[in-house]
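> Coordinates in my_file-v2.txt, compact mmCIF, N, CA and C atoms, are listed below.
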# COMPACT_ATOMS: atom_id res chain seq x y z
N MET A 1090 -80.90 -21.80 -161.94
CA MET A 1090 -79.79 -22.43 -162.60
C MET A 1090 -80.12 -23.88 -162.87
N GLU A 1091 -79.57 -24.37 -163.94
CA GLU A 1091 -79.78 -25.75 -164.33
C GLU A 1091 -78.42 -26.41 -164.47
N ILE A 1092 -78.24 -27.57 -163.85
CA ILE A 1092 -76.98 -28.28 -164.01
C ILE A 1092 -77.15 -29.28 -165.14
N ILE A 1093 -76.30 -29.15 -166.14
CA ILE A 1093 -76.32 -30.03 -167.29
C ILE A 1093 -75.18 -31.01 -167.10
N SER A 1094 -75.47 -32.28 -166.97
CA SER A 1094 -74.44 -33.28 -166.75
C SER A 1094 -74.11 -34.04 -168.01
N PHE A 1095 -72.87 -34.35 -168.18
CA PHE A 1095 -72.40 -35.17 -169.28
C PHE A 1095 -71.72 -36.39 -168.68
N ASP A 1096 -71.76 -37.53 -169.37
CA ASP A 1096 -71.04 -38.71 -168.89
C ASP A 1096 -69.56 -38.37 -168.78
N SER A 1097 -69.04 -37.71 -169.80
CA SER A 1097 -67.67 -37.22 -169.76
C SER A 1097 -67.46 -36.26 -170.90
N VAL A 1098 -66.62 -35.30 -170.67
CA VAL A 1098 -66.17 -34.39 -171.70
C VAL A 1098 -64.66 -34.48 -171.67
N VAL A 1099 -64.11 -35.21 -172.64
CA VAL A 1099 -62.69 -35.51 -172.61
C VAL A 1099 -61.97 -34.80 -173.76
N GLY A 1100 -60.87 -34.16 -173.43
CA GLY A 1100 -60.07 -33.47 -174.44
C GLY A 1100 -58.91 -34.31 -174.90
N ARG A 1101 -57.97 -33.65 -175.56
CA ARG A 1101 -56.77 -34.35 -176.05
C ARG A 1101 -56.02 -35.00 -174.91
N GLY A 1102 -55.49 -36.16 -175.16
CA GLY A 1102 -54.72 -36.86 -174.15
C GLY A 1102 -55.56 -37.46 -173.05
N GLY A 1103 -56.87 -37.51 -173.25
CA GLY A 1103 -57.76 -38.11 -172.27
C GLY A 1103 -57.98 -37.29 -171.03
N VAL A 1104 -57.68 -35.99 -171.08
CA VAL A 1104 -57.84 -35.11 -169.92
C VAL A 1104 -59.32 -34.74 -169.78
N LEU A 1105 -59.86 -34.94 -168.59
CA LEU A 1105 -61.24 -34.57 -168.32
C LEU A 1105 -61.36 -33.06 -168.29
N LEU A 1106 -62.18 -32.52 -169.20
CA LEU A 1106 -62.35 -31.06 -169.28
C LEU A 1106 -63.46 -30.57 -168.37
N ALA A 1107 -64.55 -31.31 -168.32
CA ALA A 1107 -65.67 -30.91 -167.49
C ALA A 1107 -66.60 -32.09 -167.30
N SER A 1108 -67.21 -32.16 -166.16
CA SER A 1108 -68.19 -33.21 -165.93
C SER A 1108 -69.59 -32.62 -165.86
N ALA A 1109 -69.68 -31.32 -165.70
CA ALA A 1109 -70.98 -30.65 -165.67
C ALA A 1109 -70.79 -29.20 -166.05
N ILE A 1110 -71.79 -28.66 -166.70
CA ILE A 1110 -71.80 -27.24 -167.02
C ILE A 1110 -73.08 -26.67 -166.41
N VAL A 1111 -72.92 -25.58 -165.70
CA VAL A 1111 -74.08 -24.94 -165.09
C VAL A 1111 -74.61 -23.88 -166.05
N ALA A 1112 -75.82 -24.08 -166.54
CA ALA A 1112 -76.45 -23.11 -167.43
C ALA A 1112 -77.38 -22.23 -166.61
N HIS A 1113 -77.19 -20.93 -166.70
CA HIS A 1113 -78.03 -20.00 -165.98
C HIS A 1113 -79.36 -19.77 -166.68
N ARG A 1114 -79.36 -20.02 -167.99
CA ARG A 1114 -80.58 -19.86 -168.77
C ARG A 1114 -80.54 -20.81 -169.97
N THR A 1115 -81.69 -21.36 -170.33
CA THR A 1115 -81.81 -22.22 -171.50
C THR A 1115 -82.70 -21.54 -172.52
N LEU A 1116 -82.22 -21.51 -173.75
CA LEU A 1116 -82.97 -20.93 -174.86
C LEU A 1116 -83.29 -22.06 -175.84
N ASP A 1117 -84.56 -22.34 -176.05
CA ASP A 1117 -85.00 -23.39 -176.96
C ASP A 1117 -85.44 -22.76 -178.27
N VAL A 1118 -84.61 -22.92 -179.30
CA VAL A 1118 -84.95 -22.40 -180.63
C VAL A 1118 -85.10 -23.55 -181.63
N LYS A 1119 -85.44 -24.72 -181.10
CA LYS A 1119 -85.64 -25.88 -181.97
C LYS A 1119 -86.77 -25.58 -182.95
N GLY A 1120 -86.59 -26.00 -184.20
CA GLY A 1120 -87.61 -25.80 -185.22
C GLY A 1120 -87.49 -24.49 -185.97
N THR A 1121 -86.55 -23.64 -185.58
CA THR A 1121 -86.35 -22.37 -186.28
C THR A 1121 -85.13 -22.48 -187.18
N LEU A 1122 -85.09 -21.62 -188.18
CA LEU A 1122 -83.98 -21.61 -189.13
C LEU A 1122 -83.24 -20.28 -189.06
N CYS A 1123 -82.05 -20.26 -189.64
CA CYS A 1123 -81.22 -19.06 -189.72
C CYS A 1123 -82.03 -17.90 -190.30
N PRO A 1124 -81.95 -16.77 -189.68
CA PRO A 1124 -81.05 -16.30 -188.63
C PRO A 1124 -81.65 -16.32 -187.23
N VAL A 1125 -82.82 -16.94 -187.06
CA VAL A 1125 -83.54 -16.89 -185.78
C VAL A 1125 -82.71 -17.39 -184.60
N PRO A 1126 -82.00 -18.55 -184.68
CA PRO A 1126 -81.24 -18.99 -183.50
C PRO A 1126 -80.22 -17.96 -183.01
N VAL A 1127 -79.52 -17.31 -183.93
CA VAL A 1127 -78.52 -16.32 -183.53
C VAL A 1127 -79.19 -15.07 -182.97
N ILE A 1128 -80.25 -14.62 -183.60
CA ILE A 1128 -80.95 -13.42 -183.11
C ILE A 1128 -81.50 -13.67 -181.70
N GLN A 1129 -82.12 -14.81 -181.50
CA GLN A 1129 -82.68 -15.12 -180.18
C GLN A 1129 -81.57 -15.30 -179.14
N ALA A 1130 -80.44 -15.91 -179.53
CA ALA A 1130 -79.31 -16.06 -178.61
C ALA A 1130 -78.78 -14.70 -178.20
N LYS A 1131 -78.68 -13.77 -179.15
CA LYS A 1131 -78.21 -12.42 -178.84
C LYS A 1131 -79.13 -11.74 -177.84
N LEU A 1132 -80.43 -11.82 -178.09
CA LEU A 1132 -81.39 -11.19 -177.18
C LEU A 1132 -81.32 -11.81 -175.78
N ALA A 1133 -81.18 -13.13 -175.73
CA ALA A 1133 -81.12 -13.82 -174.43
C ALA A 1133 -79.86 -13.46 -173.67
N ILE A 1134 -78.71 -13.48 -174.34
CA ILE A 1134 -77.46 -13.22 -173.64
C ILE A 1134 -77.32 -11.75 -173.26
N ASP A 1135 -77.94 -10.86 -174.02
CA ASP A 1135 -77.92 -9.44 -173.66
C ASP A 1135 -78.59 -9.19 -172.31
N ALA A 1136 -79.54 -10.04 -171.93
CA ALA A 1136 -80.26 -9.88 -170.67
C ALA A 1136 -79.55 -10.57 -169.50
N MET A 1137 -78.40 -11.18 -169.77
CA MET A 1137 -77.67 -11.93 -168.74
C MET A 1137 -76.47 -11.12 -168.25
N ASP A 1138 -75.92 -11.53 -167.11
CA ASP A 1138 -74.74 -10.89 -166.56
C ASP A 1138 -73.48 -11.54 -167.13
N SER A 1139 -72.39 -10.77 -167.19
CA SER A 1139 -71.11 -11.30 -167.65
C SER A 1139 -70.74 -12.53 -166.82
N GLY A 1140 -70.24 -13.54 -167.51
CA GLY A 1140 -69.82 -14.77 -166.83
C GLY A 1140 -70.91 -15.82 -166.74
N GLN A 1141 -72.15 -15.43 -166.96
CA GLN A 1141 -73.23 -16.41 -166.93
C GLN A 1141 -73.22 -17.24 -168.21
N ILE A 1142 -73.84 -18.42 -168.13
CA ILE A 1142 -73.82 -19.37 -169.24
C ILE A 1142 -75.22 -19.55 -169.80
N LEU A 1143 -75.28 -19.42 -171.13
CA LEU A 1143 -76.52 -19.64 -171.87
C LEU A 1143 -76.43 -20.97 -172.59
N GLN A 1144 -77.45 -21.80 -172.41
CA GLN A 1144 -77.58 -23.04 -173.16
C GLN A 1144 -78.55 -22.76 -174.31
N VAL A 1145 -78.12 -23.02 -175.54
CA VAL A 1145 -78.97 -22.83 -176.71
C VAL A 1145 -79.24 -24.21 -177.31
N LEU A 1146 -80.52 -24.55 -177.45
CA LEU A 1146 -80.93 -25.81 -178.07
C LEU A 1146 -81.48 -25.50 -179.45
N ALA A 1147 -80.86 -26.07 -180.49
CA ALA A 1147 -81.24 -25.77 -181.86
C ALA A 1147 -81.27 -27.04 -182.70
N THR A 1148 -82.11 -27.02 -183.74
CA THR A 1148 -82.18 -28.13 -184.68
C THR A 1148 -81.67 -27.74 -186.07
N ASP A 1149 -81.46 -26.46 -186.31
CA ASP A 1149 -80.97 -26.00 -187.61
C ASP A 1149 -79.52 -26.43 -187.78
N PRO A 1150 -79.22 -27.27 -188.79
CA PRO A 1150 -77.84 -27.69 -188.99
C PRO A 1150 -76.87 -26.52 -189.17
N GLY A 1151 -77.35 -25.41 -189.72
CA GLY A 1151 -76.51 -24.24 -189.88
C GLY A 1151 -76.05 -23.63 -188.57
N SER A 1152 -76.78 -23.92 -187.50
CA SER A 1152 -76.40 -23.38 -186.20
C SER A 1152 -75.05 -23.92 -185.72
N GLN A 1153 -74.63 -25.06 -186.26
CA GLN A 1153 -73.34 -25.63 -185.87
C GLN A 1153 -72.18 -24.71 -186.25
N LYS A 1154 -72.37 -23.90 -187.28
CA LYS A 1154 -71.36 -22.90 -187.66
C LYS A 1154 -71.75 -21.52 -187.16
N ASP A 1155 -73.05 -21.22 -187.21
CA ASP A 1155 -73.52 -19.87 -186.89
C ASP A 1155 -73.32 -19.49 -185.43
N ILE A 1156 -73.69 -20.36 -184.49
CA ILE A 1156 -73.59 -20.03 -183.06
C ILE A 1156 -72.13 -19.84 -182.64
N PRO A 1157 -71.21 -20.77 -182.98
CA PRO A 1157 -69.80 -20.52 -182.62
C PRO A 1157 -69.24 -19.25 -183.24
N ALA A 1158 -69.57 -18.97 -184.51
CA ALA A 1158 -69.07 -17.75 -185.17
C ALA A 1158 -69.61 -16.51 -184.49
N TRP A 1159 -70.90 -16.52 -184.14
CA TRP A 1159 -71.51 -15.39 -183.45
C TRP A 1159 -70.84 -15.16 -182.09
N ALA A 1160 -70.65 -16.25 -181.34
CA ALA A 1160 -70.04 -16.13 -180.01
C ALA A 1160 -68.65 -15.51 -180.11
N LYS A 1161 -67.85 -16.00 -181.04
CA LYS A 1161 -66.49 -15.48 -181.19
C LYS A 1161 -66.50 -14.02 -181.63
N ARG A 1162 -67.35 -13.69 -182.59
CA ARG A 1162 -67.42 -12.33 -183.13
C ARG A 1162 -67.87 -11.31 -182.09
N THR A 1163 -68.69 -11.75 -181.14
CA THR A 1163 -69.26 -10.81 -180.16
C THR A 1163 -68.57 -10.84 -178.80
N GLY A 1164 -67.48 -11.60 -178.69
CA GLY A 1164 -66.71 -11.60 -177.44
C GLY A 1164 -67.19 -12.55 -176.37
N HIS A 1165 -68.04 -13.50 -176.75
CA HIS A 1165 -68.49 -14.51 -175.81
C HIS A 1165 -67.66 -15.77 -176.01
N GLN A 1166 -67.74 -16.70 -175.08
CA GLN A 1166 -66.93 -17.91 -175.16
C GLN A 1166 -67.82 -19.14 -175.34
N LEU A 1167 -67.61 -19.87 -176.42
CA LEU A 1167 -68.31 -21.13 -176.61
C LEU A 1167 -67.59 -22.17 -175.76
N LEU A 1168 -68.26 -22.66 -174.72
CA LEU A 1168 -67.65 -23.62 -173.81
C LEU A 1168 -67.72 -25.04 -174.33
N HIS A 1169 -68.85 -25.37 -174.95
CA HIS A 1169 -69.04 -26.76 -175.37
C HIS A 1169 -70.21 -26.84 -176.33
N THR A 1170 -70.13 -27.79 -177.24
CA THR A 1170 -71.22 -28.12 -178.15
C THR A 1170 -71.42 -29.61 -178.08
N VAL A 1171 -72.67 -30.03 -178.02
CA VAL A 1171 -72.97 -31.46 -177.95
C VAL A 1171 -74.29 -31.71 -178.66
N THR A 1172 -74.44 -32.92 -179.22
CA THR A 1172 -75.74 -33.33 -179.75
C THR A 1172 -76.47 -33.95 -178.58
N SER A 1173 -77.42 -33.22 -178.02
CA SER A 1173 -78.09 -33.66 -176.79
C SER A 1173 -79.10 -34.77 -177.04
N GLU A 1174 -79.65 -34.82 -178.23
CA GLU A 1174 -80.53 -35.90 -178.66
C GLU A 1174 -80.48 -35.87 -180.18
N PRO A 1175 -80.93 -36.91 -180.86
CA PRO A 1175 -80.80 -36.92 -182.32
C PRO A 1175 -81.36 -35.65 -182.97
N GLY A 1176 -80.49 -34.95 -183.70
CA GLY A 1176 -80.91 -33.75 -184.41
C GLY A 1176 -81.00 -32.49 -183.59
N VAL A 1177 -80.64 -32.56 -182.30
CA VAL A 1177 -80.70 -31.37 -181.44
C VAL A 1177 -79.28 -31.04 -180.98
N PHE A 1178 -78.87 -29.83 -181.29
CA PHE A 1178 -77.54 -29.36 -180.93
C PHE A 1178 -77.66 -28.46 -179.71
N ALA A 1179 -76.82 -28.72 -178.71
CA ALA A 1179 -76.80 -27.90 -177.50
C ALA A 1179 -75.48 -27.15 -177.46
N PHE A 1180 -75.57 -25.83 -177.35
CA PHE A 1180 -74.41 -24.96 -177.28
C PHE A 1180 -74.39 -24.30 -175.91
N TYR A 1181 -73.21 -24.23 -175.31
CA TYR A 1181 -73.04 -23.60 -174.01
C TYR A 1181 -72.14 -22.38 -174.20
N VAL A 1182 -72.71 -21.20 -174.06
CA VAL A 1182 -72.02 -19.96 -174.34
C VAL A 1182 -71.90 -19.14 -173.06
N LYS A 1183 -70.66 -18.81 -172.71
CA LYS A 1183 -70.41 -17.97 -171.52
C LYS A 1183 -70.36 -16.52 -171.98
N LYS A 1184 -71.14 -15.68 -171.33
CA LYS A 1184 -71.20 -14.26 -171.70
C LYS A 1184 -69.90 -13.57 -171.36
N GLY A 1185 -69.34 -12.88 -172.33
CA GLY A 1185 -68.13 -12.11 -172.11
C GLY A 1185 -68.46 -10.69 -171.67
N GLY A 1186 -67.47 -9.86 -171.70
CA GLY A 1186 -67.67 -8.46 -171.37
C GLY A 1186 -67.41 -8.16 -169.93
N SER A 1187 -67.59 -6.90 -169.62
CA SER A 1187 -67.32 -6.45 -168.25
C SER A 1187 -68.59 -6.34 -167.45
Please rewrite the model in this file as structure tokens.


Amino acid sequence: MEIISFDSVVGRGGVLLASAIVAHRTLDVKGTLCPVPVIQAKLAIDAMDSGQILQVLATDPGSQKDIPAWAKRTGHQLLHTVTSEPGVFAFYVKKGGS
């Protein structure tokens, strides 16, 4: 497991939502383009247990729409999205299902 720390994740009204997200697996798909990030995320999360969290690191600007749409369509929960470094998007997806 990897603990991913944020300075703060603040929601509406200044409520602290999370100070850390525990990622059980990290998938680095930087440098790939659609549809590779979604395909690789599907393969990675299929190998995980329900409730575990997948961190996806991507550079494809299209992933900002593709990963959340895929997570919603397949019954997983997008917990958080952040730009972890310039041009790199980090998505935290909790595996749904039974």

> Can you tell me which residues surround Gln1129 in chain A at a distance of at most 8 Å, considering all atoms listed in the file, apart from same-chain residues fewer than 5 positions away, and format the answer as a PyMOL selection string?

chain A and resi 1116+1118+1124+1134-1135

> Could you state the separation of atom N of Thr1163 in chain A and atom C of Pro1175 in chain A in Å, given to one decimal place?

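Result for atom N of Thr1163 in chain A versus atom C of Pro1175 in chain A: 27.1 Å, one decimal.
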
> For Ala1130 in chain A, which residue out of A:Pro1150, A:Pro1157, A:Gly1176, A:Gly1186 is the nearest one, using only C-alpha atoms?

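Nearest to Ala1130 in chain A: A:Pro1157.
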
> Please compute the atom N of Thr1121 in chain A-atom C of Ser1139 in chain A distance, one decimal, in Å.

26.9 Å

> Please list as a list in words every residue within 7 Å of Gly1185 in chain A, counting only C-alpha atoms and excluding residues in the same chain fewer than 2 positions away.

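In the requested format, the answer is Ser1139, Gly1140, Gly1164, His1165, Gln1166, Lys1183 and Ser1187 of chain A.
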
> Using all atoms listed in the file, which residues sit within 7 Å of range 1177-1180 of chain A once same-chain residues fewer than 3 positions away are excluded, as a PyMOL selection string?

chain A and resi 1143-1149+1167-1174

> Expressed in Å to a single decimal, how great is the separation between atom N of Gly1120 in chain A and atom C of Tyr1181 in chain A?

17.9 Å

> From the list A:Gln1141, A:Val1125, A:Ser1152, A:Ala1158, which residue is nearest His1113 in chain A when using all atoms listed in the file?

A:Gln1141

> Taking all atoms listed in the file into account, which of A:Arg1114, A:Ala1136, A:Ala1109, A:Val1182 comes nearest Ala1160 in chain A?

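Closest to Ala1160 in chain A of all the choices is A:Val1182.
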
> From the list A:Trp1159, A:Gly1151, A:Ile1142, A:Leu1132, which residue is nearest Lys1184 in chain A when using only N, CA and C atoms?

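Answer, going by the shortest atom-to-atom distance: A:Ile1142.
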
> Could you check the closest approach to Thr1115 in chain A for each of A:Ala1133, A:Arg1162, A:Gln1153, A:Asp1138 and tell me which residue wins, using only C-alpha atoms?

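Of A:Ala1133, A:Arg1162, A:Gln1153, A:Asp1138, the one nearest Thr1115 in chain A is A:Ala1133, counting only C-alpha atoms.
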
> Return the padded bounding box of range 1112-1121 of chain A as lines of an AutoDock Vina configuration file: axis-aligned, built from all atoms listed in the file, 8 Å added on each side, with centre and edge lengths in Å to one decimal.


center_x = -81.7
center_y = -22.9
center_z = -176.6
size_x = 27.8
size_y = 22.2
size_z = 37.2
